[in-house]
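Notes follow the structure.
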Number of protein chains: 4
Amino acid sequence: MKALVYRGPGRKAIEDRPMPRIELATDAIVKISKTTICGTDLHILKGDVASCAPGRILGHEGVGAITEAGQSVTSFRAGDRVLISCISSCGKCEYCRRGMYSHCATGGWILGNTIDGTQAQYVRIPHADTSLYKLPPGADEEALVMLSDILPTGFECGVLNGKVQPGCTVAIVGAGPVGLAALLTAQFYAPARIIMIDLDDNRLAIARQLGATETVNSSDGKAAAAVMKMTGGQGADTAIEAVGIPATFELCEEIVAPGGTIANIGVHGAQVPLHLERLWDRNITITTRLVDTVSTPMLLKTAQAGKINPRLLITHRFKLDAILEAYDTFARAADTKALKVIIEA
Amino acid sequence: MKALVYRGPGRKAIEDRPMPRIELATDAIVKISKTTICGTDLHILKGDVASCAPGRILGHEGVGAITEAGQSVTSFRAGDRVLISCISSCGKCEYCRRGMYSHCATGGWILGNTIDGTQAQYVRIPHADTSLYKLPPGADEEALVMLSDILPTGFECGVLNGKVQPGCTVAIVGAGPVGLAALLTAQFYAPARIIMIDLDDNRLAIARQLGATETVNSSDGKAAAAVMKMTGGQGADTAIEAVGIPATFELCEEIVAPGGTIANIGVHGAQVPLHLERLWDRNITITTRLVDTVSTPMLLKTAQAGKINPRLLITHRFKLDAILEAYDTFARAADTKALKVIIEA
Amino acid sequence: MKALVYRGPGRKAIEDRPMPRIELATDAIVKISKTTICGTDLHILKGDVASCAPGRILGHEGVGAITEAGQSVTSFRAGDRVLISCISSCGKCEYCRRGMYSHCATGGWILGNTIDGTQAQYVRIPHADTSLYKLPPGADEEALVMLSDILPTGFECGVLNGKVQPGCTVAIVGAGPVGLAALLTAQFYAPARIIMIDLDDNRLAIARQLGATETVNSSDGKAAAAVMKMTGGQGADTAIEAVGIPATFELCEEIVAPGGTIANIGVHGAQVPLHLERLWDRNITITTRLVDTVSTPMLLKTAQAGKINPRLLITHRFKLDAILEAYDTFARAADTKALKVIIEA
Amino acid sequence: MKALVYRGPGRKAIEDRPMPRIELATDAIVKISKTTICGTDLHILKGDVASCAPGRILGHEGVGAITEAGQSVTSFRAGDRVLISCISSCGKCEYCRRGMYSHCATGGWILGNTIDGTQAQYVRIPHADTSLYKLPPGADEEALVMLSDILPTGFECGVLNGKVQPGCTVAIVGAGPVGLAALLTAQFYAPARIIMIDLDDNRLAIARQLGATETVNSSDGKAAAAVMKMTGGQGADTAIEAVGIPATFELCEEIVAPGGTIANIGVHGAQVPLHLERLWDRNITITTRLVDTVSTPMLLKTAQAGKINPRLLITHRFKLDAILEAYDTFARAADTKALKVIIEA
């Protein structure tokens, strides 16, 4: 089968690989119909993700159909159309029982990282019963690819951890795909204001279309002052960090209101200064989280009910044969205006 | 000044009454600009509310302007336009400190009950600092009259107590004004489905306009079966009782899903059978609540931000001179299709 | 092997039965070392539990050692000493994923009910990975038998649902084993007062030894007045119902403070009157629950740390051969002063 | 009257000062019977607290008796014995209504900071109704001085924010008075383990007496390794920072378990490195808080019920005349083994 393979820092290739097989009785094999590329895949390609060895098929998102289910799989059978969670969960370990699937003893983020992933014609899914979700009849498969990772990530790490509430003020730093996913899912809770902050006017324009009530282009280095002015000196009840660098985290520290929350989504490669000399008495909360995908059943329900339109995040479509072009388009997002690209396997 | 006065069961009159005066340093006098009639006022007129003595000016809702503020009032001064909360709160007692303003040691629901109320040209408001809310500039005063009682009641007693969550299924029994207020505010949390149940097709039609995804006319006595069928035998995660009689509460008992919540809003005059023989092992929660109006600041923000349109509940408008006609219209709602009536003082 | 078998209403017998065998790959066989009798077993013997057919081996509590584990069991192997949960949980279904193991699609309370139970030399445990708990080294096995059912029941249905908090006042109606389990576990949260109510002075004396700060003998029908007097007319923040009849539930309705919670543990056979005409505006919460045993890992930790001494609930010990005598002792608790009886298999 | 007055960095003096008078109708005058010294007073004396000007009477803790109450004070009258909260709260502003008294628009930490404090014979207390608490009859006044600041601080900032739960593992970094206050109040929730970390063996010995299950002397720089070893590589569910320097905060970052919480109590003068490069995917929460004293009513109840013994924190006693000696003793705690010193006015 065809697959996109990581070949070490800066190198990737479409290769012919053997079909995956059931290894454990709890595995399932899924024939991918649609997959996508994640910012994390670009991190891997830079060589930033030590756990991912050369030779690995990338990708941890997708929908498809089960072609074979291991003997212990009870919830699915061949032919079932499924959503693949980016997080594999055994359902048994202490972390899974606490809803922290991201830290599953034998799962977590393994797809396209420590085992072969979804940017291929077929993929083996461990712990299938608790890592796949049946697609509702008539589901919009393209839209639901967004539920593999980006929507639960924006929702759980940003919105849920950020305690977004009716009437509150939310600031989201970073209008890339995950920041926009936070923007879409924040609206589940009817905040009065959502201020989107980014360097890219195109992305800010999209943010306004997707529900941001105000936007701030931070390229002048005055975003904190702008947000404080907009909020009458109060700041944001929830500040969501969706970039992953010190400057954007510090911006969140500057704009969070007393009693508010900084919800970190960004993948950070370096320490950030935490200004406790200013924040120790401001009753704030800071959260970090690798998405657990515990919210996937809820997201499926809201998407089916039309409470959210994940399709709004899709900008480009490619065939699997053209995945190198898809990577190029996605990597040059400032030029191509790409958000999420759909790859048809 | 003119006022609508309760004269004992079945009797009410427009009377000329002395202007209210500051009695305690924490009082304020408000010149009413708009008020409305509540179902509770009809209960009083039936003689059902023992605490309300003949001679009482009715009404516990309204907006207006402060004409005089007691010496200890620090948040308001003459001229301020304010929303009157139906619940007076001292801000000091144990209940107020816990956010249970409804049980305030020297407040709670007293307006138009144990002290003179808002269906008049002027009203004295005790504990003004903590029982009034400044209107935002440019506020739609008619719309905000809905925030005195009906919206916080639907929200706090129904939606908040009912733990409405994104993706969940809500059933609301009773499509009167308070049930519709629950319907409007339930949408703050993006439930996947809101099933509205009533005997009146007109009200069900309005419910669909206001966001109900499905409606059930319960006049055939088969509403429980209908809801169970709609939900695949599962029932509703949240069942909101907005009527106040045994039959509607029992309906909620029949349709609540395992793990779900029955949130009572209705004012009950009789005991109801609680079927613990069927519910003891179903992990359900039942809540009761007299509105605390702790959510008023949030509701003001969401209304200002356009996240909710309280104006949708207003069907009729009258001058204070015509308040007897307003009562008649409101009392004959099945015929007049009245929801909330605005009275201009 | 020997087993205690239900033979229809009023009839039970010690019988020789075939050894249980692995039926599904997720099963394990446990050689029972200690088991006990539950009030529910007495209900079955009265014929009150329709789901339990004659011929069934009773019992849903116990500790023992695994003799055989199915092929898909990954957390345990032969020789492991384990605690058996009274609730079987698949770990996969929607309810299990939400922590409502009691409603597991293929589990819940099945042991000694719809499948053979633990009052035997061996038992088959379905969903072994998620229904058994490894005993800590050096564990007190007798004490831990209390963790199969009675302690999580008292804790989850009574204490956790009842929102017991530091400084609060708890009233527990019913000082039988499950009420005493609530008493022990309520102390995890440092309530200021725990008032225990029962008809039996012996049980009240035990309650005082186990941490009750006050006791009320309710045989004079004046328990509500006594509790209201003790609490300065305020009532209890948490009222735990641990009997299961209308009179005791109504007592809870009378003594719950405004803003308080009635947490039902009792197994009810009939409806109870819910006095909404008095409670509708008192901001109370009522909860029901079949124990989920989600708290078992926590209870194991607190027992190992000596924060709770489950052994205090054990009054009698028998060999499996003498289980009929154990039943008799347990059933005549008023005479024998039995709480929990340990049966050594 | 006599008072301890701050005279600029490094300087303080006992002075004769005019009696305080009622300035606003909501004030009360309290004759101090017992007060104490806080670590914050030492910070002021170092010149670290810019808001506190020379000439200020220090002190924000104490109990005493009301000698005069302003006209708007309704909860207290002359003669009432009261506990003084270190936080003044108006009960009216948005922050007070949200329970964030520390950020009260006209209150917060003002006593002994921006207005004269309690290390004097008399003190003026603003917002008396909502900043004083009536002492229960027969109260141990010395013990209750601990409830002015240190116990609510340890409890709210450390234990409550740290989400201490039955069976969990808590690590407290810093065994000074506030760390020990966290240790005492953590036991409200029956954690399985409380690991206390400090440089001072004497304080660690006291910590063991007060309930620490394990202690670590961190002077060898290997505390993180020690805690990780004690917890089987897992870390602490709750790490409480009770020092206020980068090294101790970073220690908390190293020992917090996945899914755990770092609750900061320390007053920090400099930024700390936040290792998001290691923590971004560990699902942790970090909280900061200036004590709100919302828990004071609960702490009074638990102290009266004997669930906590605040007296354990008191090591020395002085007359107000000898307050300079008291300061010296408190400041040289390593030598004097002082925790809290009681000053009798």
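Here's how to read the names in the structure tokens: chain A, B, ... by the order shown, residue numbers from 1 in each chain, ligand numbers from 1 in the order shown.
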**Message:** Among segment 85-173 of chain B, which ones does DSSP assign to alpha helix (DSSP H) (computed from the backbone)? Answer as a list of chain:residue names.
**Reply:** B:Glu94, B:Tyr95, B:Cys96, B:Arg97, B:Glu141, B:Glu142, B:Ala143, B:Leu144, B:Val145, B:Ile150, B:Leu151, B:Pro152
**Prompt:** What residues in chain C have any atom no more than 10 Å from chain B when counting only C-alpha atoms, and can you write them as a ChimeraX atom specification?
**Reply:** /C:95,98,100,102-103,157,161,244-246,249,258-259,261-292
Do you have, as JSON lines, the list of residues of segment 137-162 of chain D lying at most 8 Å from segment 75-91 of chain D, each with its nearest atom pair and that distance in Å to one decimal, counting only C-alpha atoms and ordered by chain then number?
```
{"residue": "D:Leu144", "atom": "CA", "partner": "D:Leu83", "partner_atom": "CA", "distance": 7.2}
{"residue": "D:Val145", "atom": "CA", "partner": "D:Leu83", "partner_atom": "CA", "distance": 7.2}
{"residue": "D:Leu147", "atom": "CA", "partner": "D:Ser85", "partner_atom": "CA", "distance": 7.7}
{"residue": "D:Ser148", "atom": "CA", "partner": "D:Ser85", "partner_atom": "CA", "distance": 4.6}
{"residue": "D:Asp149", "atom": "CA", "partner": "D:Cys86", "partner_atom": "CA", "distance": 5.5}
```
What does the file look like for those residues with N, CA, C and O atoms, as a PDB file, in the first residue's frame?
```
ATOM      1  N   LEU D 144      -7.959  31.121  67.547  1.00  0.00           N
ATOM      2  CA  LEU D 144      -8.690  31.711  66.417  1.00  0.00           C
ATOM      3  C   LEU D 144      -7.933  32.848  65.747  1.00  0.00           C
ATOM      4  O   LEU D 144      -8.248  33.214  64.608  1.00  0.00           O
ATOM      5  N   VAL D 145      -6.914  33.395  66.411  1.00  0.00           N
ATOM      6  CA  VAL D 145      -6.057  34.372  65.712  1.00  0.00           C
ATOM      7  C   VAL D 145      -5.473  33.737  64.440  1.00  0.00           C
ATOM      8  O   VAL D 145      -5.256  34.417  63.431  1.00  0.00           O
ATOM      9  N   LEU D 147      -6.988  32.083  62.421  1.00  0.00           N
ATOM     10  CA  LEU D 147      -7.983  32.117  61.350  1.00  0.00           C
ATOM     11  C   LEU D 147      -8.071  33.476  60.649  1.00  0.00           C
ATOM     12  O   LEU D 147      -8.815  33.625  59.676  1.00  0.00           O
ATOM     13  N   SER D 148      -7.337  34.458  61.131  1.00  0.00           N
ATOM     14  CA  SER D 148      -7.351  35.757  60.446  1.00  0.00           C
ATOM     15  C   SER D 148      -6.711  35.657  59.067  1.00  0.00           C
ATOM     16  O   SER D 148      -7.149  36.294  58.119  1.00  0.00           O
ATOM     17  N   ASP D 149      -5.648  34.864  58.969  1.00  0.00           N
ATOM     18  CA  ASP D 149      -4.894  34.863  57.719  1.00  0.00           C
ATOM     19  C   ASP D 149      -4.311  33.490  57.401  1.00  0.00           C
ATOM     20  O   ASP D 149      -4.556  32.924  56.337  1.00  0.00           O
TER      21      ASP D 149
END
```
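Going from atom CA of Lys307 of chain D to atom CA of Gly162 of chain D covers 20.0 Å.
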**Asked** Which value, in Å to one decimal, gives the distance between atom CA of Ala175 of chain B and atom CA of Leu339 of chain B?
**Response** 9.6 Å
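For the residues A:Val178, A:Met19, A:Leu160, A:Ile37, ranking by smallest atom-to-atom distance to Leu320 of chain A using only C-alpha atoms places A:Ile37 first.
In this structure, atom CA of Leu299 of chain D sits 25.8 Å away from atom CA of Lys337 of chain D.
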Contact residues around segment 115-123 of chain C with only C-alpha atoms at 7 Å, ignoring same-chain residues under 2 positions, as a PDB file with C-alpha atoms, in the first residue's frame:
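In the end it all went to around-v8.pdb:
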```pdb
ATOM      1  CA  MET C   1     -17.276 -26.917  44.654  1.00  0.00           C
ATOM      2  CA  LYS C   2     -19.482 -25.722  47.498  1.00  0.00           C
ATOM      3  CA  ALA C   3     -21.830 -22.790  46.957  1.00  0.00           C
ATOM      4  CA  LEU C   4     -24.802 -21.077  48.533  1.00  0.00           C
ATOM      5  CA  MET C  19     -16.319 -25.290  38.955  1.00  0.00           C
ATOM      6  CA  PRO C  20     -16.823 -22.127  36.925  1.00  0.00           C
ATOM      7  CA  ILE C  29     -11.670 -17.326  37.694  1.00  0.00           C
ATOM      8  CA  VAL C  30     -11.119 -16.327  41.309  1.00  0.00           C
ATOM      9  CA  LYS C  31     -10.723 -18.709  44.220  1.00  0.00           C
ATOM     10  CA  ILE C  32     -12.607 -16.957  47.003  1.00  0.00           C
ATOM     11  CA  THR C  35     -16.803 -13.255  51.185  1.00  0.00           C
ATOM     12  CA  ARG C  56     -28.315 -18.773  41.221  1.00  0.00           C
ATOM     13  CA  ILE C  57     -25.219 -18.797  43.457  1.00  0.00           C
ATOM     14  CA  LEU C  58     -25.560 -15.659  45.584  1.00  0.00           C
ATOM     15  CA  GLY C  59     -22.926 -13.099  46.653  1.00  0.00           C
ATOM     16  CA  HIS C  60     -21.283 -10.096  45.032  1.00  0.00           C
ATOM     17  CA  GLU C  61     -18.498  -9.320  47.509  1.00  0.00           C
ATOM     18  CA  GLY C  62     -15.181 -10.940  48.230  1.00  0.00           C
ATOM     19  CA  ILE C 110     -24.689  -9.047  37.712  1.00  0.00           C
ATOM     20  CA  LEU C 111     -22.707 -11.128  40.245  1.00  0.00           C
ATOM     21  CA  GLY C 112     -25.018 -13.181  42.433  1.00  0.00           C
ATOM     22  CA  ASN C 113     -27.909 -11.727  40.471  1.00  0.00           C
ATOM     23  CA  ILE C 125     -15.561 -12.684  36.980  1.00  0.00           C
ATOM     24  CA  ALA C 345     -14.238 -19.982  51.832  1.00  0.00           C
TER      25      ALA C 345
END
```
**Prompt:** Out of segment 273-336 of chain C, which residues get strand (DSSP E) from DSSP, as a PyMOL selection string?
**Reply:** chain C and resi 273-274+285-287+314-319
Residues as selected, N, CA, C and O atoms, written as a tab-separated table (two decimals), in the first residue's frame, can you do that?
```
chain	number	residue	atom	x	y	z
C	273	PRO	N	-43.66	10.05	48.99
C	273	PRO	CA	-44.22	11.39	48.73
C	273	PRO	C	-43.09	12.42	48.74
C	273	PRO	O	-42.32	12.49	49.70
C	274	LEU	N	-43.00	13.18	47.66
C	274	LEU	CA	-42.01	14.26	47.61
C	274	LEU	C	-42.75	15.58	47.84
C	274	LEU	O	-43.60	15.97	47.04
C	285	THR	N	-31.19	19.49	46.61
C	285	THR	CA	-30.83	18.49	45.61
C	285	THR	C	-31.14	17.11	46.19
C	285	THR	O	-30.89	16.87	47.37
C	286	ILE	N	-31.68	16.26	45.36
C	286	ILE	CA	-31.92	14.87	45.76
C	286	ILE	C	-31.17	13.99	44.77
C	286	ILE	O	-31.25	14.23	43.56
C	287	THR	N	-30.46	13.01	45.26
C	287	THR	CA	-29.73	12.14	44.34
C	287	THR	C	-30.06	10.67	44.60
C	287	THR	O	-30.32	10.29	45.74
C	314	ILE	N	-16.97	-5.27	60.90
C	314	ILE	CA	-17.07	-6.74	60.97
C	314	ILE	C	-17.40	-7.17	62.40
C	314	ILE	O	-16.70	-6.81	63.34
C	315	THR	N	-18.47	-7.96	62.53
C	315	THR	CA	-18.85	-8.42	63.88
C	315	THR	C	-18.76	-9.93	64.06
C	315	THR	O	-18.63	-10.42	65.17
C	316	HIS	N	-18.89	-10.69	62.96
C	316	HIS	CA	-18.94	-12.15	63.09
C	316	HIS	C	-18.11	-12.79	61.99
C	316	HIS	O	-17.93	-12.19	60.93
C	317	ARG	N	-17.68	-14.02	62.26
C	317	ARG	CA	-16.90	-14.77	61.27
C	317	ARG	C	-17.40	-16.21	61.20
C	317	ARG	O	-17.66	-16.82	62.25
C	318	PHE	N	-17.49	-16.74	59.99
C	318	PHE	CA	-17.95	-18.11	59.79
C	318	PHE	C	-17.12	-18.76	58.69
C	318	PHE	O	-16.53	-18.08	57.86
C	319	LYS	N	-17.15	-20.14	58.70
C	319	LYS	CA	-16.60	-20.87	57.57
C	319	LYS	C	-17.70	-20.99	56.50
C	319	LYS	O	-18.89	-20.93	56.84
```
What's around Ser219 of chain A at 9 Å? Count only C-alpha atoms, leave out sequence neighbours fewer than 4 positions away in its own chain, and write the answer as a PDB file with C-alpha atoms, in the first residue's frame.
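Saved file result-v2.pdb follows:
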```pdb
ATOM      1  CA  ASP A 198      -2.472  36.714  15.334  1.00  0.00           C
ATOM      2  CA  LEU A 199       0.186  38.180  13.050  1.00  0.00           C
ATOM      3  CA  ASP A 200      -1.676  37.281   9.862  1.00  0.00           C
ATOM      4  CA  ALA A 223      -1.403  43.341  21.500  1.00  0.00           C
TER       5      ALA A 223
END
```
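Close contacts of Pro310 of chain A, defined as residues with an atom at most 10 Å away when counting only C-alpha atoms, with chain neighbours fewer than 6 positions off set aside, comprise Asp140, Glu142, Ala143, Leu144, Val145, Met146, Leu147, Ile150, Leu151, Ala181, Leu184, Thr185, Leu299 and Ala303 of chain A.
Distance check against Gly64 of chain B using only C-alpha atoms: of B:Leu204, B:Leu135, B:Leu324, B:Ala105, the minimum falls on B:Leu135.
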